Amino acid sequence: MADRSFTSELEISELRHQLAQREAQLQIINSVQLGLAEHLDVQSIFDLVGDKIRDIFHAQVVMISTYDQPTETIEHRYAIERGERIYAPGHHPIRGFRKWVVETRRPVLVSTNVAELAAQLGQPTLPGTITPKTWLGVPLIVGDQVTGILSLQDVDRENAFDEPVVRLLQTLSASMGVALENARLWEQENLYHQAVEREFEIGREIQAGFLPDAIPQPDGWEIAASLKSAREVAGDFYDVFNLPETSVGLVMADVCDKGLGAALFMTLFRSLLRAASNIDLYARARSQAVSSSATRLRNAIVLTNNYIAETHGQTGMFATVFFGILDLQTGTLSYINCGHQPPLIVTGEGVKQALALTGPALGAVLDAKYIVGEVELAPGDLLFAYTDGLTETENSAGEMFSTAKLIALLTRKQSLPGLLERILRQVEAHAGGAKQFDDITMLALRRAQSSR
């Protein structure tokens, strides 16, 4: 009975020891996995796991090497011997024990006669390092591919590592393989996003070149404009440019849809409108008469509309456009409103007139009919054109920025750049930090009280 009791106590003691060892191993694994979860940089993962392995196993040498199958080379991403970093940059032919690990896809533990076996297999020794007396390596596997080798070495003792160490190192290797693959995918996606961002940056730079470098400021008139894009590139645009016979072209437009496609069509609409409205500059060389404002407007609008509808009709792209030509001497504004938010003529007392639609959106209907409207801007009158992103800005309660709020701001006397900045601040305050979903573009023109 005493022998049985003694045996039972030994078994229980051994079981407790195994459980304690297993619990310690689980704590190690959890510690490493928690650290890996915080890192998405590949080299940081190598450093984290290498340092953890040094602490856990008190190994004199820890090396983590990546393996490139097409070239059959390895690169040492982490190498420490007795606390000192070993530098072996570049790719090296895979030989010896590491080649054995890759070919078998299994752990390799060499506990005795390491130097002799290493010589037989052509195992290289890094400059400045000592040939170990125990060598252990396990494969890093991602999917069905060996992507690297994780190795421990003891330079003083044979039989330095046992099977529990091998199993634990395999577990850590598996966790590291998953983390490295996640990091690789993250880096790949990050590089893709950087490339996309660079493309959008180029797009922004190109698009900015299609907006006026400087807005004309004719005697007796004040003009200002602003554009706040909701995305990397805008579908809205404005334009202000000089035309013959002391006149100025004014354009406010909103291309349907958002993003890069809308931005590309924005450049097309803008170029067509400006070129078509200036076409008589080239006609002068042939002694042709300069067009009237109404003819110039209609020709530019019809040409642009039919070109888009006929050439790009399958895309379904169109733009709402307000295009006006202002006679600076008389204050007469000839305009065509192609489905756009009606611009407002405002005095200190309120809205004097809204310039209603005179035709459909550009590019929507081939051979559409457009009527030229005409209005005279008196001294002190303010013309304000904008895109619907301004008044459709919502707050957290789903309430839009009201037209009444906008008009109250327009009736105040201040410089036009200051007015546009004030309106934008009020719209942002109304949104209360909510994401901007549409471009906000404004164009303002005021005739001085005593115009020359």
# chains A, B, ... in the order shown; residues from 1 in each chain; ligands from 1
$ select_by_dssp --residues "region 40-94 of chain A" --states "strand (DSSP E or B)" --output "PyMOL selection string"
chain A and resi 61-68+73-81+84-85+92-93
$ write_last_selection --atoms "N, CA and C atoms" --output "mmCIF file, in the first residue's frame"
data_model
loop_
_atom_site.group_PDB
_atom_site.id
_atom_site.type_symbol
_atom_site.label_atom_id
_atom_site.label_comp_id
_atom_site.auth_asym_id
_atom_site.auth_seq_id
_atom_site.Cartn_x
_atom_site.Cartn_y
_atom_site.Cartn_z
ATOM 1 N N VAL A 61 22.344 32.115 -29.069
ATOM 2 C CA VAL A 61 22.219 32.583 -30.449
ATOM 3 C C VAL A 61 20.770 32.419 -30.898
ATOM 4 N N VAL A 62 20.190 33.489 -31.410
ATOM 5 C CA VAL A 62 18.844 33.453 -31.999
ATOM 6 C C VAL A 62 18.936 34.071 -33.386
ATOM 7 N N MET A 63 18.444 33.346 -34.369
ATOM 8 C CA MET A 63 18.458 33.873 -35.734
ATOM 9 C C MET A 63 17.112 33.614 -36.396
ATOM 10 N N ILE A 64 16.613 34.630 -37.061
ATOM 11 C CA ILE A 64 15.403 34.498 -37.863
ATOM 12 C C ILE A 64 15.766 34.899 -39.285
ATOM 13 N N SER A 65 15.585 33.982 -40.208
ATOM 14 C CA SER A 65 15.996 34.209 -41.595
ATOM 15 C C SER A 65 14.802 33.987 -42.510
ATOM 16 N N THR A 66 14.626 34.855 -43.482
ATOM 17 C CA THR A 66 13.575 34.664 -44.478
ATOM 18 C C THR A 66 14.148 33.878 -45.659
ATOM 19 N N TYR A 67 13.268 33.135 -46.318
ATOM 20 C CA TYR A 67 13.689 32.270 -47.421
ATOM 21 C C TYR A 67 12.949 32.670 -48.687
ATOM 22 N N ASP A 68 13.716 32.852 -49.765
ATOM 23 C CA ASP A 68 13.137 33.170 -51.072
ATOM 24 C C ASP A 68 13.290 31.949 -51.974
ATOM 25 N N THR A 73 17.629 31.586 -51.738
ATOM 26 C CA THR A 73 18.499 32.387 -50.879
ATOM 27 C C THR A 73 17.786 32.708 -49.579
ATOM 28 N N ILE A 74 18.581 33.070 -48.571
ATOM 29 C CA ILE A 74 18.029 33.500 -47.287
ATOM 30 C C ILE A 74 18.549 34.887 -46.959
ATOM 31 N N GLU A 75 17.788 35.577 -46.125
ATOM 32 C CA GLU A 75 18.209 36.888 -45.617
ATOM 33 C C GLU A 75 18.018 36.880 -44.112
ATOM 34 N N HIS A 76 19.083 37.189 -43.368
ATOM 35 C CA HIS A 76 19.009 37.172 -41.908
ATOM 36 C C HIS A 76 18.383 38.477 -41.420
ATOM 37 N N ARG A 77 17.132 38.375 -40.937
ATOM 38 C CA ARG A 77 16.410 39.573 -40.489
ATOM 39 C C ARG A 77 16.612 39.847 -39.004
ATOM 40 N N TYR A 78 17.049 38.818 -38.272
ATOM 41 C CA TYR A 78 17.335 39.000 -36.839
ATOM 42 C C TYR A 78 18.440 38.017 -36.486
ATOM 43 N N ALA A 79 19.531 38.515 -35.931
ATOM 44 C CA ALA A 79 20.649 37.644 -35.558
ATOM 45 C C ALA A 79 21.351 38.209 -34.330
ATOM 46 N N ILE A 80 21.335 37.455 -33.238
ATOM 47 C CA ILE A 80 21.955 37.875 -31.974
ATOM 48 C C ILE A 80 22.821 36.723 -31.457
ATOM 49 N N GLU A 81 24.045 37.022 -31.073
ATOM 50 C CA GLU A 81 24.900 36.028 -30.411
ATOM 51 C C GLU A 81 25.425 36.629 -29.114
ATOM 52 N N GLU A 84 24.926 40.295 -28.569
ATOM 53 C CA GLU A 84 25.464 41.210 -29.563
ATOM 54 C C GLU A 84 24.781 40.988 -30.916
ATOM 55 N N ARG A 85 24.378 42.078 -31.537
ATOM 56 C CA ARG A 85 23.734 41.995 -32.848
ATOM 57 C C ARG A 85 24.764 41.598 -33.907
ATOM 58 N N HIS A 92 21.860 35.356 -49.120
ATOM 59 C CA HIS A 92 22.906 34.355 -49.112
ATOM 60 C C HIS A 92 22.343 33.022 -49.599
ATOM 61 N N PRO A 93 23.135 32.225 -50.301
ATOM 62 C CA PRO A 93 22.656 30.895 -50.728
ATOM 63 C C PRO A 93 22.279 30.060 -49.505
#
$ residues_around --residues "region 95-110 of chain A" --least-positions-apart "3" --cutoff "6 Å" --atoms "only C-alpha atoms" --output "ChimeraX atom specification"
/A:121-123,134-138
$ write_last_selection --atoms "N, CA and C atoms" --output "compact mmCIF listing (two decimals), in the first residue's frame"
# COMPACT_ATOMS: atom_id res chain seq x y z
N LEU A 121 27.40 19.03 -44.47
CA LEU A 121 26.27 19.67 -45.17
C LEU A 121 26.63 21.02 -45.77
N GLY A 122 27.83 21.50 -45.53
CA GLY A 122 28.21 22.81 -46.06
C GLY A 122 27.57 23.96 -45.30
N GLN A 123 27.34 23.73 -44.01
CA GLN A 123 26.72 24.76 -43.17
C GLN A 123 27.68 25.93 -43.00
N THR A 134 24.90 22.91 -30.08
CA THR A 134 23.52 22.45 -30.31
C THR A 134 22.87 23.43 -31.28
N TRP A 135 22.19 22.86 -32.27
CA TRP A 135 21.52 23.71 -33.29
C TRP A 135 20.08 23.22 -33.46
N LEU A 136 19.15 24.16 -33.36
CA LEU A 136 17.72 23.86 -33.53
C LEU A 136 17.12 24.84 -34.51
N GLY A 137 16.42 24.35 -35.49
CA GLY A 137 15.74 25.21 -36.45
C GLY A 137 14.35 24.70 -36.74
N VAL A 138 13.39 25.61 -36.85
CA VAL A 138 12.02 25.25 -37.23
C VAL A 138 11.61 26.12 -38.41
$ residues_around --residues "Arg447 (chain A)" --least-positions-apart "2" --cutoff "6 Å" --atoms "only C-alpha atoms" --output "JSON, numbers by chain"
{"A": [221, 379, 380, 381]}
$ residues_around --residues "Gly339 (chain A)" --least-positions-apart "5" --cutoff "7 Å" --atoms "only C-alpha atoms" --output "ChimeraX atom specification"
/A:320-321,357,359-361
$ write_last_selection --atoms "N, CA and C atoms" --output "compact mmCIF listing (two decimals), in the first residue's frame"
# COMPACT_ATOMS: atom_id res chain seq x y z
N THR A 320 -24.79 70.36 -64.38
CA THR A 320 -25.62 71.57 -64.30
C THR A 320 -24.67 72.76 -64.35
N VAL A 321 -25.01 73.74 -65.17
CA VAL A 321 -24.10 74.85 -65.43
C VAL A 321 -24.86 76.17 -65.47
N LEU A 357 -34.03 78.51 -64.43
CA LEU A 357 -33.53 77.65 -65.50
C LEU A 357 -33.95 78.18 -66.86
N GLY A 359 -32.77 76.06 -69.61
CA GLY A 359 -32.49 74.89 -70.43
C GLY A 359 -32.06 73.73 -69.55
N PRO A 360 -31.97 72.51 -70.12
CA PRO A 360 -31.59 71.33 -69.34
C PRO A 360 -30.08 71.28 -69.06
N ALA A 361 -29.71 70.34 -68.22
CA ALA A 361 -28.30 70.14 -67.88
C ALA A 361 -27.49 69.84 -69.13
$ atom_distance --atom1 "CA of Val351 (chain A)" --atom2 "CA of Gln329 (chain A)"
23.4 Å
$ closest_residue --among "A:Ala368, A:Ile94, A:Ile56, A:Ser111" --to "Leu172 (chain A)" --atoms "only C-alpha atoms"
A:Ile56
$ closest_residue --among "A:Leu180, A:Leu416, A:Ala214, A:Leu268" --to "Ser44 (chain A)" --atoms "only C-alpha atoms"
A:Leu180
$ closest_residue --among "A:Gly418, A:Pro89, A:Gly143, A:Pro244" --to "Asp327 (chain A)" --atoms "only C-alpha atoms"
A:Pro244
$ residues_around --residues "Ser247 (chain A)" --least-positions-apart "6" --cutoff "7 Å" --atoms "only C-alpha atoms" --output "number ranges by chain"
A: 325-328
$ residues_around --residues "region 422-438 of chain A" --least-positions-apart "4" --cutoff "10 Å" --atoms "only C-alpha atoms" --output "ChimeraX atom specification"
/A:226-231,234-236,257-258,387-402,405-406,409-410,414,416-418,442
$ residues_around --residues "Arg157 (chain A)" --least-positions-apart "4" --cutoff "10 Å" --atoms "only C-alpha atoms" --output "list in words"
Ser111, Thr112, Pro132, Lys133, Thr134, Gln153 and Phe161 of chain A
$ write_last_selection --atoms "C-alpha atoms" --output "CSV table (one decimal), in the first residue's frame"
chain,number,residue,atom,x,y,z
A,111,SER,CA,22.3,18.0,-30.3
A,112,THR,CA,25.7,16.4,-30.8
A,132,PRO,CA,27.5,26.0,-31.9
A,133,LYS,CA,27.3,22.7,-30.0
A,134,THR,CA,23.5,22.5,-30.3
A,153,GLN,CA,21.9,27.7,-31.0
A,161,PHE,CA,17.3,21.8,-26.2
$ select_by_dssp --residues "region 35-166 of chain A" --states "helix (DSSP H, G or I)" --output "VMD selection string"
chain A and resid 35 to 37 42 to 57 96 to 104 114 to 121 163 to 166
$ closest_residue --among "A:Gly220, A:Asp41, A:Tyr307, A:Thr347" --to "Leu185 (chain A)" --atoms "only C-alpha atoms"
A:Asp41
$ decode --residues "region 241-387 of chain A" --atoms "C-alpha atoms" --output "CSV table (one decimal), in the first residue's frame"
chain,number,residue,atom,x,y,z
A,241,PHE,CA,-12.2,84.9,-67.5
A,242,ASN,CA,-11.9,87.9,-69.7
A,243,LEU,CA,-13.7,88.0,-73.1
A,244,PRO,CA,-13.6,90.5,-75.9
A,245,GLU,CA,-15.4,93.8,-75.9
A,246,THR,CA,-15.0,94.6,-72.2
A,247,SER,CA,-16.9,91.5,-71.0
A,248,VAL,CA,-16.2,88.8,-68.5
A,249,GLY,CA,-17.3,85.1,-68.6
A,250,LEU,CA,-18.7,83.7,-65.3
A,251,VAL,CA,-19.2,79.9,-64.9
A,252,MET,CA,-20.6,77.9,-62.0
A,253,ALA,CA,-21.0,74.1,-62.6
A,254,ASP,CA,-21.7,70.8,-60.8
A,255,VAL,CA,-20.8,67.6,-62.6
A,256,CYS,CA,-23.0,64.6,-61.7
A,257,ASP,CA,-21.6,61.9,-59.5
A,258,LYS,CA,-18.4,62.2,-57.3
A,259,GLY,CA,-14.8,61.2,-57.4
A,260,LEU,CA,-12.3,60.8,-60.2
A,261,GLY,CA,-14.8,60.3,-63.0
A,262,ALA,CA,-16.6,63.5,-62.1
A,263,ALA,CA,-13.2,65.3,-61.9
A,264,LEU,CA,-12.2,64.2,-65.4
A,265,PHE,CA,-15.5,65.4,-66.9
A,266,MET,CA,-15.1,68.6,-64.9
A,267,THR,CA,-11.9,69.4,-66.9
A,268,LEU,CA,-13.7,68.5,-70.2
A,269,PHE,CA,-16.7,70.7,-69.5
A,270,ARG,CA,-14.6,73.6,-68.4
A,271,SER,CA,-12.2,73.4,-71.4
A,272,LEU,CA,-15.1,73.1,-73.9
A,273,LEU,CA,-17.0,76.1,-72.4
A,274,ARG,CA,-14.0,78.4,-72.3
A,275,ALA,CA,-12.6,77.4,-75.7
A,276,ALA,CA,-16.0,77.7,-77.4
A,277,SER,CA,-16.8,81.1,-75.9
A,278,ASN,CA,-13.4,82.4,-77.1
A,279,ILE,CA,-13.6,80.9,-80.6
A,280,ASP,CA,-14.0,84.3,-82.3
A,281,LEU,CA,-10.5,85.2,-81.1
A,282,TYR,CA,-9.2,82.7,-83.7
A,283,ALA,CA,-11.9,83.7,-86.2
A,284,ARG,CA,-10.5,87.3,-86.2
A,285,ALA,CA,-7.6,86.1,-88.3
A,286,ARG,CA,-10.1,85.4,-91.0
A,287,SER,CA,-11.8,88.8,-90.5
A,288,GLN,CA,-15.0,87.3,-89.1
A,289,ALA,CA,-17.2,89.4,-86.9
A,290,VAL,CA,-17.1,89.2,-83.2
A,291,SER,CA,-20.1,87.4,-81.7
A,292,SER,CA,-22.6,89.2,-79.5
A,293,SER,CA,-22.8,88.0,-75.9
A,294,ALA,CA,-26.1,86.1,-76.6
A,295,THR,CA,-24.6,84.4,-79.7
A,296,ARG,CA,-21.4,83.6,-77.9
A,297,LEU,CA,-23.3,82.0,-75.0
A,298,ARG,CA,-25.6,80.0,-77.1
A,299,ASN,CA,-22.8,78.7,-79.3
A,300,ALA,CA,-20.6,77.7,-76.4
A,301,ILE,CA,-23.5,75.9,-74.6
A,302,VAL,CA,-24.8,74.1,-77.7
A,303,LEU,CA,-21.4,73.0,-78.8
A,304,THR,CA,-20.5,71.7,-75.3
A,305,ASN,CA,-23.9,70.0,-74.8
A,306,ASN,CA,-23.9,68.2,-78.2
A,307,TYR,CA,-20.3,67.1,-77.9
A,308,ILE,CA,-20.8,65.5,-74.5
A,309,ALA,CA,-24.2,64.0,-75.4
A,310,GLU,CA,-23.0,62.5,-78.7
A,311,THR,CA,-19.4,61.5,-77.8
A,312,HIS,CA,-19.8,60.5,-74.1
A,313,GLY,CA,-23.6,59.8,-73.9
A,314,GLN,CA,-23.0,56.2,-72.9
A,315,THR,CA,-21.4,57.3,-69.7
A,316,GLY,CA,-24.5,59.1,-68.5
A,317,MET,CA,-22.4,62.1,-67.4
A,318,PHE,CA,-23.8,65.6,-67.4
A,319,ALA,CA,-23.4,68.9,-65.6
A,320,THR,CA,-25.6,71.6,-64.3
A,321,VAL,CA,-24.1,74.9,-65.4
A,322,PHE,CA,-24.8,78.5,-65.0
A,323,PHE,CA,-22.9,80.5,-67.7
A,324,GLY,CA,-23.1,84.3,-67.8
A,325,ILE,CA,-21.4,87.0,-69.8
A,326,LEU,CA,-21.2,90.3,-68.1
A,327,ASP,CA,-20.9,93.6,-70.0
A,328,LEU,CA,-18.6,95.5,-67.6
A,329,GLN,CA,-19.7,98.9,-68.9
A,330,THR,CA,-23.5,98.5,-68.9
A,331,GLY,CA,-23.9,96.0,-66.1
A,332,THR,CA,-25.9,93.8,-68.5
A,333,LEU,CA,-25.6,90.1,-67.7
A,334,SER,CA,-26.6,87.6,-70.4
A,335,TYR,CA,-26.9,84.1,-69.1
A,336,ILE,CA,-28.0,80.5,-69.7
A,337,ASN,CA,-28.9,78.4,-66.7
A,338,CYS,CA,-28.5,74.7,-67.7
A,339,GLY,CA,-30.4,73.0,-64.9
A,340,HIS,CA,-28.4,74.7,-62.1
A,341,GLN,CA,-29.3,76.0,-58.7
A,342,PRO,CA,-30.7,79.5,-59.6
A,343,PRO,CA,-28.1,82.2,-58.8
A,344,LEU,CA,-29.4,85.1,-56.6
A,345,ILE,CA,-29.2,88.8,-57.2
A,346,VAL,CA,-29.2,90.3,-53.7
A,347,THR,CA,-29.4,93.8,-52.3
A,348,GLY,CA,-29.3,95.0,-48.7
A,349,GLU,CA,-33.0,94.4,-48.4
A,350,GLY,CA,-33.0,90.8,-49.7
A,351,VAL,CA,-33.3,88.8,-52.9
A,352,LYS,CA,-34.0,91.0,-55.9
A,353,GLN,CA,-34.2,88.2,-58.4
A,354,ALA,CA,-33.4,84.5,-58.9
A,355,LEU,CA,-32.0,83.5,-62.3
A,356,ALA,CA,-34.2,80.5,-63.1
A,357,LEU,CA,-33.5,77.6,-65.5
A,358,THR,CA,-33.4,78.4,-69.2
A,359,GLY,CA,-32.5,74.9,-70.4
A,360,PRO,CA,-31.6,71.3,-69.3
A,361,ALA,CA,-28.3,70.1,-67.9
A,362,LEU,CA,-25.4,70.0,-70.3
A,363,GLY,CA,-24.7,66.7,-71.9
A,364,ALA,CA,-28.1,65.2,-70.9
A,365,VAL,CA,-30.1,65.7,-74.2
A,366,LEU,CA,-28.7,66.0,-77.7
A,367,ASP,CA,-29.8,69.1,-79.6
A,368,ALA,CA,-31.4,70.5,-76.4
A,369,LYS,CA,-32.9,74.0,-76.7
A,370,TYR,CA,-31.4,76.8,-74.6
A,371,ILE,CA,-32.8,80.3,-74.0
A,372,VAL,CA,-30.6,83.3,-73.2
A,373,GLY,CA,-31.7,85.3,-70.3
A,374,GLU,CA,-30.7,88.9,-69.6
A,375,VAL,CA,-30.7,91.0,-66.4
A,376,GLU,CA,-29.1,94.3,-65.5
A,377,LEU,CA,-27.0,94.5,-62.3
A,378,ALA,CA,-27.5,97.9,-60.7
A,379,PRO,CA,-24.8,99.6,-58.5
A,380,GLY,CA,-24.7,97.7,-55.2
A,381,ASP,CA,-26.2,94.5,-56.6
A,382,LEU,CA,-24.7,91.2,-55.6
A,383,LEU,CA,-24.8,88.2,-57.8
A,384,PHE,CA,-24.3,84.9,-55.9
A,385,ALA,CA,-24.0,81.6,-57.6
A,386,TYR,CA,-23.4,78.3,-55.7
A,387,THR,CA,-23.7,74.5,-55.9
